[in-house]
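All remarks here apply to the structure that follows.
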Amino acid sequence: MTVHNDTVQHAFDTPDLAQPYAELGLKDDEYAKIKAILGRRPTDAELTLYSVMWSEHCSYKSSKTHLRYFGQTMTEEMASKILAGIGENAGVVDIGGGDAVTFRVESHNHPSFVEPYQGAATGVGGIVRDIMAMGARPIAVMDQLRFGPIDADDTKRVLPGVVHGIGGYGNCLGLPNIGGETVFDPAYAGNPLVNALCVGTLKVEDLHLAFASGTGNKVILFGSRTGLDGIGGVSVLGSATFEEGAERKLPAVQVGDPFAEKVLIECCLELYAAGVVEGIQDLGGGGLSCATSELAASGDGGMTVNLDNVPLRAENMSAAEILASESQERMCAVVAPEDVDKFMEICAKWDVLASVIGEVTSDADRLQVFHNGELVVDAPPSTIDEGPVYERPYARPDWQDAVQAKGGVEKQGDIKDAWLKMVASPALCSRDFITEQYDRYVRGNTVQAKYANSGVLRINEETNRGVAVSADASGRYTYLDPNMGARLALAEAYRNVAVTGATPVAVTNCLNFGSPENPDVMWQFREAVHGLADGSAELAIPVSGGNVSFYNQTGETPILPTPVVGVLGVMEDVEQAIPHALPSADEQYTLIVLGETKDEFGGSVWQDISGAGLSGLPPQVDLANEARLAAFFADNAAGIAAAHDLSEGGLSQAVFELLLGSDKGAQLHLNGVHEDAFTALFSESASRVLVAVTSDRAEAAVEQATAAGIPVAVLGETTNDGVLRVAGQEIAMLELAGAWAATMPSHFAAATAPNAAV
């Protein structure tokens, strides 16, 4: 190839040429810093490269200073549990017996508002490739969804598309969807949250990382062709505040092909097994800009890249467009020269397009990119990958004290009426409209999914070793107290895993907040990070990785601060997993409440549906109590017929879901739970679990809980007539189930699958 330096030389020769850096999301001082690094103005391709990599989505420039706290609070013992952690594509945990598990959750919020189907579908595709890049086979997905009011017109536009996108992509990949959460709140009306989680499994020795080393090693791009879709995704959509008309930014939304990704998964796994991959990176946010600069920056050499060798699906693409494209189903590998033929042979077997686009060089200070015979990028990769670090101002909001001081709810005397309102509320009603569109049992290793506390998967078919995974968050709690809100999200996810009988071992997160340029938001963010980091340290489980999503707001109005927290637990025998509900059988059970119930309604579902307004303090959690509960279930799993954590909706929702489908009712005695019946049923105090044991085991269960230092109250006995008798009232389970099941169909019954090709 004949190389001309015309493009770079032109940048030297025209220092005052106006460039659209602001349109690409760069600030004046950032543009000036780029010019100082290069000693000249950037070329168009370099401007694109820096704008993408210095975007909030890729560089974490506003969050880095606070995220370091995770490392500061992690002990050596905690760190020893993870094989790959913060900074990698996904966290990897050694779970024993040579098995490892990787998991991560990531946001695809703004694209899912602009084009719900493809935004959500490519969110699934992206998180799956993060897992693939660790050397793992993806085995399951989950989702955390948040929308505006259930009856809002835009919710009826966005929700069906998002759900169809998640189901359409995940089902085509053959990955079970083992759980999730759907929340409705006016705060998300113009900015829905679509957080996708993926779990993968691998052998410890098969771990792969993203780095380029070995002078002379080849850089191979493989997978789908590169097109014009997704250009500006992370800089235009992922790092900007939504204004009126943002839903029209369709070119920035990627278009996914799950069948291409399915083949890519199998191809990657065979490449790993053949030992022909030295380093690997998926192409997600930032496309080739991100993949090449990150590989080069994290390795021991530099890199040359020839964009003329990139397979394209659009004509006359510029270097900037090729670098910024976020076309899906692509991976970038570093391969030794002697392994290139074998690499290409395996790709050809799977009909996966592959092309050598570059080479690792000995000059660690240079990333050089060529296009049409010209040098279009000549920059230090570390400066591209690192980006600026901002110490954004933060301050406790002036309104925080007033919001916390209000508090209080009106408790009604008609328990039956309140219970019916609760189960039918958008917060607690059936999600069957959503979950029935997902395949939960494909691959045959799903042990628990629908309605379960956690998704439970078998990962070793010989030993029955498996994992439990849960992800939780409450924007309402976090708004009232960001530190405690993050702790409560951690506590709920931890508890959901523990009540299956699994041992929690690692944490991941997806931190969804408003603009980092707002001191109120940055204070919320900092408090949530500290709450999650300190809480994880108290529970002695490491944060293995995470994601930050800023600029989640419409105009000047931010969403509720929403730190999604995922917890992974390990189970030696998934056949012994504790179910979340009772079977339909003649056996009688004693219902027991573990944990202390207090008068805590701040941020609760009852506060919301009663119209009291979001105020007060959220429930207060002592994580030592969560650790005691986890130890109790680990030690006594064999004697428990069913267990259900108490969270949103409190005891009322746990009782309903525990009995749902069993044809059973129950005689409930609330005095031991709390002296006020309404508080006993609807308070959302943390660190509580509803347990069902056979009547002959009740006394032993109470003694074991007491010995473990856990407050315990016998709630009552099940009956076979399907009627709940409580506080002098009778409530038929069928009536509750009918109210619970009717809400979403009444709003979305007419929803049809959107055209996936839009």
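Naming works like this for the structure tokens: A, B, ... for the chains as they're shown, residue 1 at the start of each chain, ligands 1 onward in shown order.
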Excluding range 686-701 of chain A and any residue of its chain fewer than 3 positions from it, enumerate the residues within 6 Å of it, using only C-alpha atoms, and give them as a PyMOL selection string. chain A and resi 589-595+621+626+640-646+704
Which residue, A:Val673, A:Cys198, A:Val360, A:Ile231, has the smallest gap to Phe211 in chain A when you use only C-alpha atoms?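 Going through A:Val673, A:Cys198, A:Val360, A:Ile231 one by one, the smallest distance to Phe211 in chain A is for A:Val360.
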Residues near Ala354 in chain A, cut-off 10 Å, only C-alpha atoms, skip fewer than 5 positions along chain, as an mmCIF file with all heavy atoms, in the first residue's frame:
```cif
data_model
loop_
_atom_site.group_PDB
_atom_site.id
_atom_site.type_symbol
_atom_site.label_atom_id
_atom_site.label_comp_id
_atom_site.auth_asym_id
_atom_site.auth_seq_id
_atom_site.Cartn_x
_atom_site.Cartn_y
_atom_site.Cartn_z
ATOM 1 N N ILE A 220 -7.787 -8.727 13.573
ATOM 2 C CA ILE A 220 -8.794 -9.255 12.656
ATOM 3 C C ILE A 220 -10.186 -8.797 13.094
ATOM 4 O O ILE A 220 -10.590 -8.997 14.247
ATOM 5 C CB ILE A 220 -8.741 -10.796 12.596
ATOM 6 C CG1 ILE A 220 -7.356 -11.259 12.120
ATOM 7 C CG2 ILE A 220 -9.834 -11.330 11.678
ATOM 8 C CD1 ILE A 220 -7.211 -12.774 12.032
ATOM 9 N N LEU A 221 -10.904 -8.183 12.177
ATOM 10 C CA LEU A 221 -12.296 -7.813 12.391
ATOM 11 C C LEU A 221 -13.152 -8.931 11.816
ATOM 12 O O LEU A 221 -12.965 -9.323 10.654
ATOM 13 C CB LEU A 221 -12.607 -6.489 11.679
ATOM 14 C CG LEU A 221 -14.047 -5.993 11.741
ATOM 15 C CD1 LEU A 221 -14.448 -5.633 13.164
ATOM 16 C CD2 LEU A 221 -14.230 -4.790 10.815
ATOM 17 N N PHE A 222 -14.077 -9.455 12.630
ATOM 18 C CA PHE A 222 -14.916 -10.534 12.115
ATOM 19 C C PHE A 222 -16.349 -10.372 12.596
ATOM 20 O O PHE A 222 -16.617 -9.780 13.638
ATOM 21 C CB PHE A 222 -14.344 -11.907 12.466
ATOM 22 C CG PHE A 222 -14.260 -12.248 13.930
ATOM 23 C CD1 PHE A 222 -15.072 -13.229 14.483
ATOM 24 C CD2 PHE A 222 -13.341 -11.613 14.773
ATOM 25 C CE1 PHE A 222 -14.986 -13.575 15.834
ATOM 26 C CE2 PHE A 222 -13.243 -11.952 16.114
ATOM 27 C CZ PHE A 222 -14.070 -12.934 16.648
ATOM 28 N N GLY A 223 -17.268 -10.894 11.790
ATOM 29 C CA GLY A 223 -18.693 -10.731 12.060
ATOM 30 C C GLY A 223 -19.364 -10.005 10.912
ATOM 31 O O GLY A 223 -18.979 -10.149 9.753
ATOM 32 N N SER A 224 -20.346 -9.203 11.222
ATOM 33 C CA SER A 224 -21.130 -8.524 10.187
ATOM 34 C C SER A 224 -20.335 -7.399 9.528
ATOM 35 O O SER A 224 -19.332 -6.912 10.059
ATOM 36 C CB SER A 224 -22.408 -7.961 10.797
ATOM 37 O OG SER A 224 -23.243 -8.996 11.275
ATOM 38 N N ARG A 225 -20.835 -6.969 8.390
ATOM 39 C CA ARG A 225 -20.240 -5.827 7.698
ATOM 40 C C ARG A 225 -20.518 -4.538 8.466
ATOM 41 O O ARG A 225 -21.448 -4.457 9.263
ATOM 42 C CB ARG A 225 -20.798 -5.713 6.274
ATOM 43 C CG ARG A 225 -20.349 -6.841 5.348
ATOM 44 C CD ARG A 225 -20.948 -6.686 3.965
ATOM 45 N NE ARG A 225 -20.487 -7.759 3.088
ATOM 46 C CZ ARG A 225 -19.392 -7.707 2.342
ATOM 47 N NH1 ARG A 225 -18.654 -6.604 2.351
ATOM 48 N NH2 ARG A 225 -19.038 -8.723 1.584
ATOM 49 N N ASN A 309 -9.558 -2.348 4.435
ATOM 50 C CA ASN A 309 -9.818 -3.787 4.569
ATOM 51 C C ASN A 309 -11.079 -4.096 5.370
ATOM 52 O O ASN A 309 -11.405 -5.261 5.579
ATOM 53 C CB ASN A 309 -8.624 -4.474 5.240
ATOM 54 C CG ASN A 309 -7.385 -4.459 4.366
ATOM 55 O OD1 ASN A 309 -7.472 -4.251 3.160
ATOM 56 N ND2 ASN A 309 -6.222 -4.664 4.970
ATOM 57 N N VAL A 310 -11.775 -3.070 5.844
ATOM 58 C CA VAL A 310 -12.999 -3.285 6.616
ATOM 59 C C VAL A 310 -14.146 -3.594 5.657
ATOM 60 O O VAL A 310 -14.460 -2.773 4.782
ATOM 61 C CB VAL A 310 -13.342 -2.047 7.467
ATOM 62 C CG1 VAL A 310 -14.691 -2.224 8.159
ATOM 63 C CG2 VAL A 310 -12.251 -1.787 8.497
ATOM 64 N N PRO A 311 -14.786 -4.754 5.783
ATOM 65 C CA PRO A 311 -15.932 -5.070 4.914
ATOM 66 C C PRO A 311 -17.097 -4.122 5.198
ATOM 67 O O PRO A 311 -17.527 -3.986 6.347
ATOM 68 C CB PRO A 311 -16.289 -6.510 5.301
ATOM 69 C CG PRO A 311 -15.050 -7.051 5.953
ATOM 70 C CD PRO A 311 -14.437 -5.887 6.656
ATOM 71 N N ARG A 330 -20.266 -7.643 15.641
ATOM 72 C CA ARG A 330 -18.862 -7.585 15.202
ATOM 73 C C ARG A 330 -17.931 -7.771 16.399
ATOM 74 O O ARG A 330 -18.229 -7.340 17.512
ATOM 75 C CB ARG A 330 -18.553 -6.248 14.525
ATOM 76 C CG ARG A 330 -19.340 -5.964 13.256
ATOM 77 C CD ARG A 330 -18.983 -4.596 12.667
ATOM 78 N NE ARG A 330 -19.266 -3.521 13.591
ATOM 79 C CZ ARG A 330 -18.723 -2.302 13.519
ATOM 80 N NH1 ARG A 330 -17.834 -2.031 12.578
ATOM 81 N NH2 ARG A 330 -19.048 -1.367 14.385
ATOM 82 N N MET A 331 -16.791 -8.399 16.152
ATOM 83 C CA MET A 331 -15.755 -8.603 17.166
ATOM 84 C C MET A 331 -14.401 -8.279 16.533
ATOM 85 O O MET A 331 -14.232 -8.322 15.316
ATOM 86 C CB MET A 331 -15.743 -10.051 17.675
ATOM 87 C CG MET A 331 -17.051 -10.565 18.241
ATOM 88 S SD MET A 331 -17.463 -9.923 19.884
ATOM 89 C CE MET A 331 -16.326 -10.871 20.916
ATOM 90 N N CYS A 332 -13.442 -7.970 17.404
ATOM 91 C CA CYS A 332 -12.087 -7.660 16.950
ATOM 92 C C CYS A 332 -11.112 -8.524 17.747
ATOM 93 O O CYS A 332 -11.139 -8.503 18.985
ATOM 94 C CB CYS A 332 -11.788 -6.186 17.168
ATOM 95 S SG CYS A 332 -10.455 -5.534 16.157
ATOM 96 N N PHE A 343 -7.536 -19.330 12.115
ATOM 97 C CA PHE A 343 -8.603 -18.403 12.498
ATOM 98 C C PHE A 343 -9.579 -18.214 11.339
ATOM 99 O O PHE A 343 -10.805 -18.312 11.510
ATOM 100 C CB PHE A 343 -7.985 -17.057 12.905
ATOM 101 C CG PHE A 343 -8.946 -16.083 13.517
ATOM 102 C CD1 PHE A 343 -8.990 -15.901 14.887
ATOM 103 C CD2 PHE A 343 -9.806 -15.328 12.721
ATOM 104 C CE1 PHE A 343 -9.868 -14.986 15.459
ATOM 105 C CE2 PHE A 343 -10.689 -14.418 13.274
ATOM 106 C CZ PHE A 343 -10.723 -14.252 14.657
ATOM 107 N N MET A 344 -9.034 -17.969 10.166
ATOM 108 C CA MET A 344 -9.872 -17.740 8.992
ATOM 109 C C MET A 344 -10.642 -18.997 8.604
ATOM 110 O O MET A 344 -11.795 -18.930 8.156
ATOM 111 C CB MET A 344 -9.004 -17.267 7.817
ATOM 112 C CG MET A 344 -8.370 -15.897 8.034
ATOM 113 S SD MET A 344 -9.629 -14.621 8.249
ATOM 114 C CE MET A 344 -8.645 -13.127 8.163
ATOM 115 N N GLU A 345 -10.022 -20.136 8.789
ATOM 116 C CA GLU A 345 -10.678 -21.403 8.465
ATOM 117 C C GLU A 345 -11.908 -21.614 9.352
ATOM 118 O O GLU A 345 -12.966 -22.043 8.876
ATOM 119 C CB GLU A 345 -9.678 -22.545 8.663
ATOM 120 C CG GLU A 345 -10.234 -23.935 8.401
ATOM 121 C CD GLU A 345 -9.227 -25.020 8.752
ATOM 122 O OE1 GLU A 345 -8.011 -24.793 8.558
ATOM 123 O OE2 GLU A 345 -9.648 -26.084 9.248
ATOM 124 N N ILE A 346 -11.773 -21.315 10.632
ATOM 125 C CA ILE A 346 -12.907 -21.481 11.552
ATOM 126 C C ILE A 346 -14.008 -20.477 11.216
ATOM 127 O O ILE A 346 -15.199 -20.826 11.208
ATOM 128 C CB ILE A 346 -12.434 -21.327 13.009
ATOM 129 C CG1 ILE A 346 -11.514 -22.496 13.384
ATOM 130 C CG2 ILE A 346 -13.636 -21.246 13.964
ATOM 131 C CD1 ILE A 346 -10.825 -22.337 14.729
ATOM 132 N N CYS A 347 -13.626 -19.242 10.919
ATOM 133 C CA CYS A 347 -14.633 -18.250 10.541
ATOM 134 C C CYS A 347 -15.374 -18.683 9.280
ATOM 135 O O CYS A 347 -16.605 -18.537 9.179
ATOM 136 C CB CYS A 347 -13.983 -16.887 10.328
ATOM 137 S SG CYS A 347 -13.459 -16.070 11.862
ATOM 138 N N ALA A 348 -14.636 -19.225 8.310
ATOM 139 C CA ALA A 348 -15.266 -19.683 7.067
ATOM 140 C C ALA A 348 -16.228 -20.831 7.337
ATOM 141 O O ALA A 348 -17.303 -20.916 6.710
ATOM 142 C CB ALA A 348 -14.187 -20.108 6.072
#
```
Residue contacts of Leu532 in chain A (9 Å, only C-alpha atoms) excluding same-chain residues fewer than 5 positions away, as a PyMOL selection string: chain A and resi 70+483-490+527+537+543+563+565
Which residue is closest to Leu295 in chain A? Choose from A:Ala498, A:Leu367, A:Leu323, A:Ala638 and count only C-alpha atoms.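 Under the stated criterion, the closest residue is A:Leu367.
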To test your reading of the structure, identify every residue in range 494-619 of chain A that backbone DSSP assigns to strand (DSSP E or B), and report it as a VMD selection string. chain A and resid 503 to 512 543 to 549 553 to 554 557 to 558 562 to 571 589 to 594
Residues of the last selection are to be written out with N, CA, C and O atoms, as a tab-separated table (two decimals), in the first residue's frame.
```tsv
chain	number	residue	atom	x	y	z
A	503	THR	N	-25.30	-18.99	47.86
A	503	THR	CA	-24.39	-18.12	48.60
A	503	THR	C	-24.00	-16.95	47.72
A	503	THR	O	-23.35	-17.14	46.68
A	504	PRO	N	-24.38	-15.71	48.07
A	504	PRO	CA	-24.00	-14.55	47.25
A	504	PRO	C	-22.48	-14.40	47.19
A	504	PRO	O	-21.81	-14.48	48.22
A	505	VAL	N	-21.95	-14.15	45.98
A	505	VAL	CA	-20.49	-14.07	45.83
A	505	VAL	C	-20.00	-12.81	45.12
A	505	VAL	O	-18.82	-12.47	45.24
A	506	ALA	N	-20.84	-12.13	44.35
A	506	ALA	CA	-20.34	-10.97	43.61
A	506	ALA	C	-21.48	-10.03	43.24
A	506	ALA	O	-22.65	-10.43	43.20
A	507	VAL	N	-21.09	-8.79	42.94
A	507	VAL	CA	-22.05	-7.72	42.63
A	507	VAL	C	-21.67	-7.09	41.29
A	507	VAL	O	-20.50	-6.96	40.96
A	508	THR	N	-22.69	-6.70	40.53
A	508	THR	CA	-22.49	-5.84	39.37
A	508	THR	C	-23.50	-4.72	39.47
A	508	THR	O	-24.40	-4.75	40.32
A	509	ASN	N	-23.39	-3.71	38.62
A	509	ASN	CA	-24.32	-2.59	38.74
A	509	ASN	C	-24.47	-1.84	37.43
A	509	ASN	O	-23.62	-1.92	36.55
A	510	CYS	N	-25.57	-1.11	37.32
A	510	CYS	CA	-25.81	-0.18	36.22
A	510	CYS	C	-26.43	1.06	36.85
A	510	CYS	O	-27.58	1.03	37.32
A	511	LEU	N	-25.67	2.14	36.90
A	511	LEU	CA	-26.04	3.33	37.65
A	511	LEU	C	-26.66	4.36	36.70
A	511	LEU	O	-25.95	5.00	35.92
A	512	ASN	N	-27.98	4.52	36.78
A	512	ASN	CA	-28.73	5.39	35.89
A	512	ASN	C	-29.08	6.70	36.60
A	512	ASN	O	-29.84	6.69	37.58
A	543	VAL	N	-17.60	-5.94	44.19
A	543	VAL	CA	-18.22	-5.38	42.99
A	543	VAL	C	-17.31	-5.74	41.83
A	543	VAL	O	-16.18	-5.27	41.75
A	544	SER	N	-17.80	-6.58	40.94
A	544	SER	CA	-16.94	-7.11	39.87
A	544	SER	C	-16.95	-6.25	38.62
A	544	SER	O	-16.16	-6.48	37.70
A	545	GLY	N	-17.82	-5.26	38.56
A	545	GLY	CA	-17.88	-4.39	37.39
A	545	GLY	C	-19.18	-3.63	37.38
A	545	GLY	O	-20.03	-3.80	38.26
A	546	GLY	N	-19.33	-2.78	36.38
A	546	GLY	CA	-20.56	-2.00	36.33
A	546	GLY	C	-20.60	-1.10	35.12
A	546	GLY	O	-19.75	-1.14	34.23
A	547	ASN	N	-21.62	-0.27	35.10
A	547	ASN	CA	-21.88	0.63	33.99
A	547	ASN	C	-22.50	1.90	34.55
A	547	ASN	O	-23.24	1.85	35.53
A	548	VAL	N	-22.16	3.04	33.96
A	548	VAL	CA	-22.76	4.31	34.36
A	548	VAL	C	-23.52	4.88	33.17
A	548	VAL	O	-22.98	4.95	32.06
A	549	SER	N	-24.74	5.30	33.39
A	549	SER	CA	-25.54	5.95	32.36
A	549	SER	C	-26.00	7.30	32.90
A	549	SER	O	-26.85	7.37	33.79
A	553	GLN	N	-32.54	12.29	31.38
A	553	GLN	CA	-33.50	13.31	31.76
A	553	GLN	C	-34.11	13.91	30.51
A	553	GLN	O	-33.57	13.78	29.42
A	554	THR	N	-35.24	14.54	30.67
A	554	THR	CA	-35.90	15.23	29.57
A	554	THR	C	-35.86	16.71	29.89
A	554	THR	O	-36.42	17.15	30.89
A	557	THR	N	-35.35	18.06	33.65
A	557	THR	CA	-35.93	17.18	34.68
A	557	THR	C	-35.28	15.81	34.65
A	557	THR	O	-35.49	15.03	33.70
A	558	PRO	N	-34.48	15.46	35.65
A	558	PRO	CA	-33.83	14.15	35.66
A	558	PRO	C	-34.79	13.05	36.09
A	558	PRO	O	-35.81	13.29	36.74
A	562	THR	N	-31.46	5.90	39.78
A	562	THR	CA	-31.81	4.48	39.73
A	562	THR	C	-30.57	3.60	39.65
A	562	THR	O	-30.14	3.23	38.54
A	563	PRO	N	-29.97	3.26	40.76
A	563	PRO	CA	-28.82	2.34	40.74
A	563	PRO	C	-29.29	0.88	40.73
A	563	PRO	O	-29.73	0.34	41.75
A	564	VAL	N	-29.22	0.26	39.56
A	564	VAL	CA	-29.58	-1.16	39.45
A	564	VAL	C	-28.42	-1.99	39.97
A	564	VAL	O	-27.28	-1.82	39.53
A	565	VAL	N	-28.71	-2.89	40.89
A	565	VAL	CA	-27.68	-3.72	41.51
A	565	VAL	C	-27.98	-5.19	41.25
A	565	VAL	O	-29.08	-5.66	41.55
A	566	GLY	N	-27.02	-5.87	40.65
A	566	GLY	CA	-27.15	-7.30	40.41
A	566	GLY	C	-26.27	-8.08	41.36
A	566	GLY	O	-25.15	-7.66	41.66
A	567	VAL	N	-26.77	-9.21	41.85
A	567	VAL	CA	-25.99	-10.09	42.73
A	567	VAL	C	-26.00	-11.50	42.16
A	567	VAL	O	-27.03	-12.00	41.71
A	568	LEU	N	-24.83	-12.10	42.16
A	568	LEU	CA	-24.64	-13.48	41.70
A	568	LEU	C	-24.39	-14.37	42.90
A	568	LEU	O	-23.55	-14.05	43.76
A	569	GLY	N	-25.11	-15.48	42.97
A	569	GLY	CA	-24.91	-16.45	44.04
A	569	GLY	C	-24.57	-17.81	43.48
A	569	GLY	O	-24.91	-18.13	42.34
A	570	VAL	N	-23.90	-18.62	44.26
A	570	VAL	CA	-23.47	-19.95	43.83
A	570	VAL	C	-24.21	-21.01	44.64
A	570	VAL	O	-24.40	-20.86	45.85
A	571	MET	N	-24.61	-22.06	43.96
A	571	MET	CA	-25.35	-23.15	44.58
A	571	MET	C	-24.70	-24.48	44.16
A	571	MET	O	-24.52	-24.72	42.96
A	589	TYR	N	-49.11	-26.13	55.70
A	589	TYR	CA	-47.86	-25.45	55.98
A	589	TYR	C	-48.06	-24.36	57.02
A	589	TYR	O	-49.13	-23.75	57.11
A	590	THR	N	-47.00	-24.16	57.77
A	590	THR	CA	-46.96	-23.03	58.70
A	590	THR	C	-46.19	-21.90	58.04
A	590	THR	O	-45.11	-22.11	57.47
A	591	LEU	N	-46.76	-20.71	58.12
A	591	LEU	CA	-46.13	-19.53	57.53
A	591	LEU	C	-45.41	-18.75	58.62
A	591	LEU	O	-46.00	-18.47	59.68
A	592	ILE	N	-44.16	-18.40	58.37
A	592	ILE	CA	-43.32	-17.74	59.37
A	592	ILE	C	-42.69	-16.49	58.73
A	592	ILE	O	-42.23	-16.55	57.58
A	593	VAL	N	-42.69	-15.40	59.47
A	593	VAL	CA	-42.04	-14.17	59.00
A	593	VAL	C	-40.71	-14.01	59.73
A	593	VAL	O	-40.67	-13.96	60.97
A	594	LEU	N	-39.64	-13.95	58.96
A	594	LEU	CA	-38.31	-13.70	59.51
A	594	LEU	C	-37.97	-12.23	59.35
A	594	LEU	O	-38.15	-11.66	58.27
```
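Restricting the calculation to only C-alpha atoms, the smallest distance between Tyr390 in chain A and any of A:Tyr21, A:Tyr60, A:Tyr117, A:Phe748 is found for A:Tyr60.
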Proximity to Asn109 in chain A - best of A:Ala634, A:Ile559, A:Ile609, A:Val467, only C-alpha atoms: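 Among the listed residues, A:Ile559 lies closest to Asn109 in chain A.
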For Tyr188 in chain A, the nearest of the candidates A:Gly279, A:Gly126, A:Pro42, A:Gly475, counting only C-alpha atoms: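 Smallest separation from Tyr188 in chain A among the options: A:Gly475.
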Find the residues around Arg526 in chain A up to 9 Å (only C-alpha atoms counted), leave out those fewer than 5 positions away in its own chain, and share them as number ranges by chain. A: 63, 66-67, 394, 482-483, 521, 531
Any idea what's packed within 9 Å of Ala152 in chain A, counting only C-alpha atoms, ignoring anything in its chain fewer than 5 positions away? Could you give it as an MDAnalysis selection string? chainID A and resid 157 186 189
So, with only C-alpha atoms as the atoms that count, which of A:Glu115, A:Glu538, A:Asp143, A:Glu410 lies closest to Val469 in chain A? A:Asp143
One-decimal distance in Å that lies between CA of Thr102 in chain A and CA of His164 in chain A: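 Interatomic distance, CA of His164 in chain A to CA of Thr102 in chain A: 25.7 Å.
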So that I can see what lies close to His108 in chain A, please list as a PyMOL selection string the residues with an atom at most 9 Å from it, counting only C-alpha atoms and leaving out residues fewer than 2 positions away in the same chain. chain A and resi 106+110-112+119-120+122-124+193-196+238+549
Store the residues picked out above, limited to C-alpha atoms, as a PDB file, in the first residue's frame.
```
ATOM      1  CA  GLU A 106     -25.512  -2.356  30.777  1.00  0.00           C
ATOM      2  CA  HIS A 110     -31.797   6.523  24.910  1.00  0.00           C
ATOM      3  CA  PRO A 111     -31.778   4.301  21.799  1.00  0.00           C
ATOM      4  CA  SER A 112     -34.777   2.459  23.249  1.00  0.00           C
ATOM      5  CA  GLY A 119     -32.850  -0.045  20.857  1.00  0.00           C
ATOM      6  CA  ALA A 120     -33.770  -2.879  23.207  1.00  0.00           C
ATOM      7  CA  THR A 122     -29.262  -4.264  20.293  1.00  0.00           C
ATOM      8  CA  GLY A 123     -28.987  -3.673  24.030  1.00  0.00           C
ATOM      9  CA  VAL A 124     -29.332  -7.430  24.453  1.00  0.00           C
ATOM     10  CA  LEU A 193     -34.541   2.811  31.224  1.00  0.00           C
ATOM     11  CA  VAL A 194     -33.628  -0.397  29.422  1.00  0.00           C
ATOM     12  CA  ASN A 195     -30.878  -2.221  31.305  1.00  0.00           C
ATOM     13  CA  ALA A 196     -29.856  -5.618  29.950  1.00  0.00           C
ATOM     14  CA  GLY A 238     -25.687   7.986  25.235  1.00  0.00           C
ATOM     15  CA  SER A 549     -25.542   5.949  32.364  1.00  0.00           C
TER      16      SER A 549
END
```
Work out how far CA of Met733 in chain A is from CA of Pro426 in chain A, in Å to one decimal. 18.8 Å
Hey, what does DSSP flag as alpha helix (DSSP H) within range 127-258 of chain A? Can you give it to me as a list in words?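 Everything in range 127-258 of chain A that counts as alpha helix (DSSP H) is Ile127, Val128, Arg129, Asp130, Ile131, Met132, Asp153, Asp154, Thr155, Lys156, Arg157, Val158, Leu159, Pro160, Gly161, Val162, Val163, His164, Gly165, Ile166, Gly167, Gly168, Tyr169, Gly170, Asn171, Cys172, Leu173 and Pro258 of chain A.
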